[in-house]
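Take a look at the structure below.
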Number of protein chains: 2
Amino acid sequence: MTDPTAALPVAVDAMGGDRAPGEIVAGAKRAADELGIDVILVGPPDLVGDTLGLELVACTEVIAMDEDPAQGVRRKKDSSLVRAAELVRDGKASAMVSAGNTGATMGAALLRMGRLKGVHRPCIATPLPRPGSAPGVLVDAGANSECSPSMLVQFAQMASAFSTARFGIENPKVGLLSIGEEASKGTPLVKDTHALLADPASGVNFVGNVEGRDLLNSPVDVVVTDGFTGNVALKTLEGSLTFLLNMILGAFGTNEETKAAAEVLLPYLAPVAAELDPEGAGGAMLLGLEGVCIISHGSSSATAIRNAVAVGHDLVTAGITESLRQAVAMA
Amino acid sequence: MTDPTAALPVAVDAMGGDRAPGEIVAGAKRAADELGIDVILVGPPDLVGDTLGLELVACTEVIAMDEDPAQGVRRKKDSSLVRAAELVRDGKASAMVSAGNTGATMGAALLRMGRLKGVHRPCIATPLPRPGSAPGVLVDAGANSECSPSMLVQFAQMASAFSTARFGIENPKVGLLSIGEEASKGTPLVKDTHALLADPASGVNFVGNVEGRDLLNSPVDVVVTDGFTGNVALKTLEGSLTFLLNMILGAFGTNEETKAAAEVLLPYLAPVAAELDPEGAGGAMLLGLEGVCIISHGSSSATAIRNAVAVGHDLVTAGITESLRQAVAMA
């Protein structure tokens, strides 16, 4: 069931991210060369510079990483982010990819593409590493600080469809993030959501509450939470891994003897680092829109952008938007 | 300003924790022998067994790790947890230590010791490792799923006094856990709390919002959040570190060559592990009561219990209860 949209190019915000435009353009080029995916860049020609032969849709403005998202989207109608979203809306691109201002990316995608019918609010689905098997998914990773139980149910429905489309997991197991396994644990939001998810009418394969310690190597395929808790948890997870890695690398560099021992071990540690590297996952997806929007990490390298383009293209090919539409309509 | 209470023994719940009573009794004995701190055990004599020569206050019941906390405390009035809290209330112990059911520990301490005047709700303050300097403090680590802005302000006041009493940090810097640095980020609870903390009338040294990635090696001395978010963040942190350590240890054990290299590195990695080990910190403290209650990790070993007894004794010696009383009264 290939979506005909998949033949369209993927639009890449050439100015989004801490390492734009250099790494972004290089990553887009690699996606085109190595994967054979059509890519178009979006950005002001004078700022983007060398496009490495890729097509560039010219615009005049850029929304900065630290700019107020709502104001940026409202005022900068000729920005790379807004124009990229319009390319998807207008049937000129299959998906958009940005490593830029996350709030502005969400705003531009929401305003220009529009929500799927019946969706209360779009949400961010972020892959969670599970060494040796397909990644899990955390939803909402930060789009909505305030959520209602029915919003969380819809996030679970959409993230389940995403888990299937992206990772091939049939009937994904869904867990609700809380502070204990018992249905009686947590905030009123969590308890009310637990009751709704446990009802077969939710249409999801709900297995109960999970805890913060379950996020990595998760026993469930989809972890549902509000965007505030999800964002805190995701940043805590990233921060903890980075912190420990840096401490270990520091110990490795203590003296000549430790450096020599580390040399022996690095080839065996590299796969561990690769499993945990968000760059490998290629970014998060904004679920609930009439189009595909991939949100890459602000620090994205060329490799991350290459992977994000591949993810966007693959999801369109898998018919993700139609799957999401059905997931929400079924409930 | 030594509290006269400090001359009293520390009461240890001999039956609390996954490794009770063996590791608990051994840890209490080590505190007595190595640190010269008076300790009394609390528990049913037939279950505790050999007390290694320590005094035992006999009771007949135990609240299990997975028992409903409220019911356990209400029904088991002759349990080790309830009796330990009564020893503090009755002036027979300076502090209590338990690695048992956290909810039941909180309940027993709250019901038997009572709240400090003016305290809305007690909260859990947990140390956060900061290699090379004094630990930070996370509050609330799980006592209160639902919080109001004024509760969070009080948590900040009490945790600041705790940071000073326990780690010697004068005028500790306080950060509010959110999903961005800007005051406009987060839930209504976070935004309202931000405004209250920023008011000098709060009496705390508020420096603004911090994020999940700031929890380890934190730029602030006290991180304030509600007990739901705090518990999720703390478990995410612990889970991430454990996960990565296990992956690394797995890589170390790949073959003879990697095992030999790991042998060289382990002496240099041991200090890293020690810095991050919750056992070294000796446990969390329940803040806001008319008495000192130290909550140790459920998996506590003898070393963790030894350290928890030391922390309880030191905090009483430093006059923590009086400091907390003043911190709350000032505002």
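Residue numbering restarts at 1 in every chain; chains get A, B, ... in the order shown in the structure tokens, and ligands count up from 1 in that same order.
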
Chain A contacts to chain B at 8 Å (only C-alpha atoms) as a compact mmCIF listing (two decimals) with C-alpha atoms, in the first residue's frame:
```txt
# COMPACT_ATOMS: atom_id res chain seq x y z
CA GLY A 142 7.09 17.59 24.64
CA SER A 145 2.52 20.45 28.62
CA GLU A 146 -1.12 20.16 29.60
CA LEU A 177 4.14 6.27 32.63
CA SER A 178 3.46 6.50 36.36
CA ILE A 179 5.17 6.15 39.73
CA GLY A 186 -0.11 8.73 40.12
CA THR A 187 -1.91 11.97 39.40
CA GLU A 211 7.98 3.54 35.54
CA GLY A 212 10.90 5.80 34.70
CA ARG A 213 13.31 2.92 35.04
CA ASP A 214 11.47 1.11 32.22
CA LEU A 215 12.15 3.72 29.53
CA LEU A 216 15.34 2.13 28.23
CA ASN A 217 15.01 -1.46 27.10
CA PHE A 228 5.75 17.86 30.36
CA THR A 229 6.61 14.57 32.05
CA ASN A 231 10.11 15.95 28.04
CA VAL A 232 11.57 15.89 31.55
CA ALA A 233 12.04 12.11 31.34
CA LEU A 234 13.63 12.23 27.89
CA LYS A 235 16.08 14.97 28.85
CA THR A 236 16.87 13.16 32.12
CA LEU A 237 17.57 10.00 30.15
CA GLU A 238 19.80 11.79 27.63
CA GLY A 239 21.55 13.75 30.35
CA SER A 240 22.22 10.67 32.47
CA LEU A 241 23.70 8.70 29.58
CA PHE A 243 27.03 12.25 32.00
CA LEU A 244 28.07 8.66 32.62
CA MET A 247 32.84 10.17 33.28
CA ILE A 248 33.87 6.84 31.78
CA ALA A 251 38.60 7.58 33.41
CA PHE A 252 39.80 5.99 30.16
CA THR A 254 43.76 8.87 32.95
CA GLU A 257 48.03 2.35 30.62
CA THR A 258 44.33 3.19 30.73
CA ALA A 261 43.30 -0.64 27.63
CA ALA A 262 40.59 1.66 26.32
CA VAL A 264 41.22 -2.55 23.14
CA LEU A 265 37.70 -1.97 24.42
CA TYR A 268 33.31 -3.40 21.61
CA LEU A 269 31.84 -0.24 23.14
CA VAL A 272 26.71 0.22 22.62
```

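Interatomic distance, atom CA of A:Glu322 to atom CA of A:Thr164: 12.6 Å.
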
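The gap separating atom CA of A:Leu152 from atom CA of A:Pro122 is 10.7 Å, in Å to one decimal.
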
**OP:** Pick out each residue of stretch 168-285 of chain B that DSSP on the backbone tags as strand (DSSP E); I need them as JSON, numbers by chain.
**Re:** {"B": [173, 174, 175, 176, 177, 205, 206, 207, 208, 209, 210, 222, 223, 224, 284, 285]}

Export of prior selection with C-alpha atoms as a CSV table (one decimal), in the first residue's frame:
```
chain,number,residue,atom,x,y,z
B,173,LYS,CA,20.9,27.9,44.6
B,174,VAL,CA,17.4,26.7,43.8
B,175,GLY,CA,16.2,25.7,40.3
B,176,LEU,CA,12.6,24.7,39.2
B,177,LEU,CA,12.4,21.6,37.0
B,205,ASN,CA,17.9,31.8,46.3
B,206,PHE,CA,15.9,31.1,43.1
B,207,VAL,CA,17.9,31.1,39.9
B,208,GLY,CA,15.3,30.0,37.4
B,209,ASN,CA,14.2,26.9,35.6
B,210,VAL,CA,16.4,23.8,35.0
B,222,VAL,CA,18.3,22.3,45.0
B,223,VAL,CA,16.0,21.1,42.2
B,224,VAL,CA,12.3,21.6,43.0
B,284,ALA,CA,16.7,10.4,51.3
B,285,MET,CA,15.1,12.4,54.1
```

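Distances from B:Ala156, B:Leu116, B:Val190, B:Ala198 to B:Gly288 were compared using only C-alpha atoms, and the smallest one belongs to B:Leu116.
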
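Among the candidates B:Thr225, B:Thr102, B:Ser94, B:Ser218, the one nearest to B:Val153 when counting only C-alpha atoms is B:Thr225.
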
Original post:
Given the choices B:Leu128, B:Ala327, B:Ala143, B:Ile320, which gets closest to B:Asp277 if the distance is worked out from only C-alpha atoms?
Top reply: B:Leu128

Original post:
Where does DSSP see helix (DSSP H, G or I) in stretch 259-311 of chain B, if you list the residues as a PyMOL selection string?
Top reply: chain B and resi 259-276+278-281+302-311

Convert the current residue selection to file output with N, CA and C atoms, as a compact mmCIF listing (two decimals), in the first residue's frame.
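Writing the result to part16.txt gives the following:
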```txt
# COMPACT_ATOMS: atom_id res chain seq x y z
N LYS B 259 38.42 -8.71 28.69
CA LYS B 259 38.43 -8.89 30.15
C LYS B 259 39.74 -8.38 30.74
N ALA B 260 40.84 -8.64 30.05
CA ALA B 260 42.14 -8.17 30.53
C ALA B 260 42.20 -6.65 30.52
N ALA B 261 41.71 -6.05 29.45
CA ALA B 261 41.71 -4.58 29.37
C ALA B 261 40.83 -3.99 30.46
N ALA B 262 39.69 -4.64 30.70
CA ALA B 262 38.77 -4.15 31.73
C ALA B 262 39.42 -4.21 33.11
N GLU B 263 40.24 -5.23 33.34
CA GLU B 263 40.95 -5.35 34.61
C GLU B 263 41.80 -4.12 34.89
N VAL B 264 42.43 -3.64 33.82
CA VAL B 264 43.27 -2.45 33.96
C VAL B 264 42.43 -1.22 34.32
N LEU B 265 41.24 -1.14 33.71
CA LEU B 265 40.43 0.07 33.85
C LEU B 265 39.59 0.10 35.12
N LEU B 266 39.24 -1.08 35.64
CA LEU B 266 38.28 -1.10 36.75
C LEU B 266 38.69 -0.23 37.95
N PRO B 267 39.98 -0.22 38.33
CA PRO B 267 40.34 0.65 39.46
C PRO B 267 40.04 2.13 39.20
N TYR B 268 40.06 2.52 37.92
CA TYR B 268 39.81 3.91 37.57
C TYR B 268 38.30 4.18 37.43
N LEU B 269 37.54 3.11 37.15
CA LEU B 269 36.09 3.27 37.01
C LEU B 269 35.38 3.15 38.35
N ALA B 270 36.04 2.49 39.31
CA ALA B 270 35.40 2.31 40.61
C ALA B 270 34.99 3.63 41.25
N PRO B 271 35.85 4.67 41.21
CA PRO B 271 35.43 5.94 41.81
C PRO B 271 34.21 6.55 41.11
N VAL B 272 34.11 6.34 39.79
CA VAL B 272 32.94 6.82 39.06
C VAL B 272 31.69 6.14 39.60
N ALA B 273 31.76 4.82 39.70
CA ALA B 273 30.61 4.07 40.20
C ALA B 273 30.28 4.50 41.62
N ALA B 274 31.31 4.74 42.44
CA ALA B 274 31.07 5.14 43.82
C ALA B 274 30.36 6.49 43.90
N GLU B 275 30.77 7.41 43.02
CA GLU B 275 30.13 8.73 43.02
C GLU B 275 28.64 8.63 42.72
N LEU B 276 28.29 7.70 41.84
CA LEU B 276 26.91 7.61 41.37
C LEU B 276 26.07 6.64 42.19
N PRO B 278 23.78 5.22 44.79
CA PRO B 278 22.88 5.79 45.82
C PRO B 278 23.22 5.27 47.22
N GLU B 279 23.92 4.14 47.31
CA GLU B 279 24.28 3.61 48.63
C GLU B 279 25.21 4.55 49.37
N GLY B 280 26.06 5.22 48.63
CA GLY B 280 27.01 6.13 49.26
C GLY B 280 26.30 7.31 49.90
N ALA B 281 25.21 7.74 49.28
CA ALA B 281 24.49 8.91 49.78
C ALA B 281 23.70 8.58 51.04
N ALA B 302 24.29 -3.48 53.72
CA ALA B 302 24.78 -3.05 55.04
C ALA B 302 25.46 -1.69 54.95
N THR B 303 26.23 -1.48 53.89
CA THR B 303 26.92 -0.19 53.74
C THR B 303 25.92 0.96 53.63
N ALA B 304 24.86 0.76 52.85
CA ALA B 304 23.85 1.81 52.69
C ALA B 304 23.20 2.12 54.03
N ILE B 305 22.91 1.09 54.83
CA ILE B 305 22.26 1.31 56.13
C ILE B 305 23.23 2.01 57.09
N ARG B 306 24.48 1.57 57.08
CA ARG B 306 25.49 2.25 57.90
C ARG B 306 25.50 3.74 57.56
N ASN B 307 25.54 4.06 56.27
CA ASN B 307 25.59 5.46 55.86
C ASN B 307 24.31 6.20 56.20
N ALA B 308 23.18 5.51 56.09
CA ALA B 308 21.90 6.15 56.41
C ALA B 308 21.82 6.50 57.90
N VAL B 309 22.32 5.60 58.75
CA VAL B 309 22.36 5.88 60.19
C VAL B 309 23.24 7.10 60.45
N ALA B 310 24.37 7.16 59.76
CA ALA B 310 25.28 8.30 59.93
C ALA B 310 24.61 9.60 59.50
N VAL B 311 23.90 9.56 58.38
CA VAL B 311 23.21 10.75 57.88
C VAL B 311 22.15 11.20 58.89
```

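Close contacts of B:Ser79, defined as residues with an atom at most 10 Å away when counting only C-alpha atoms, with chain neighbours fewer than 4 positions off set aside, comprise Asp13, Met15, Val42, Gly43, Pro44, Ala58, Cys59, Thr60, Glu61, Val62, Ile63, Ala64, Gly72, Val73, Arg75, Arg83, Ala84 and Ala108 of chain B.
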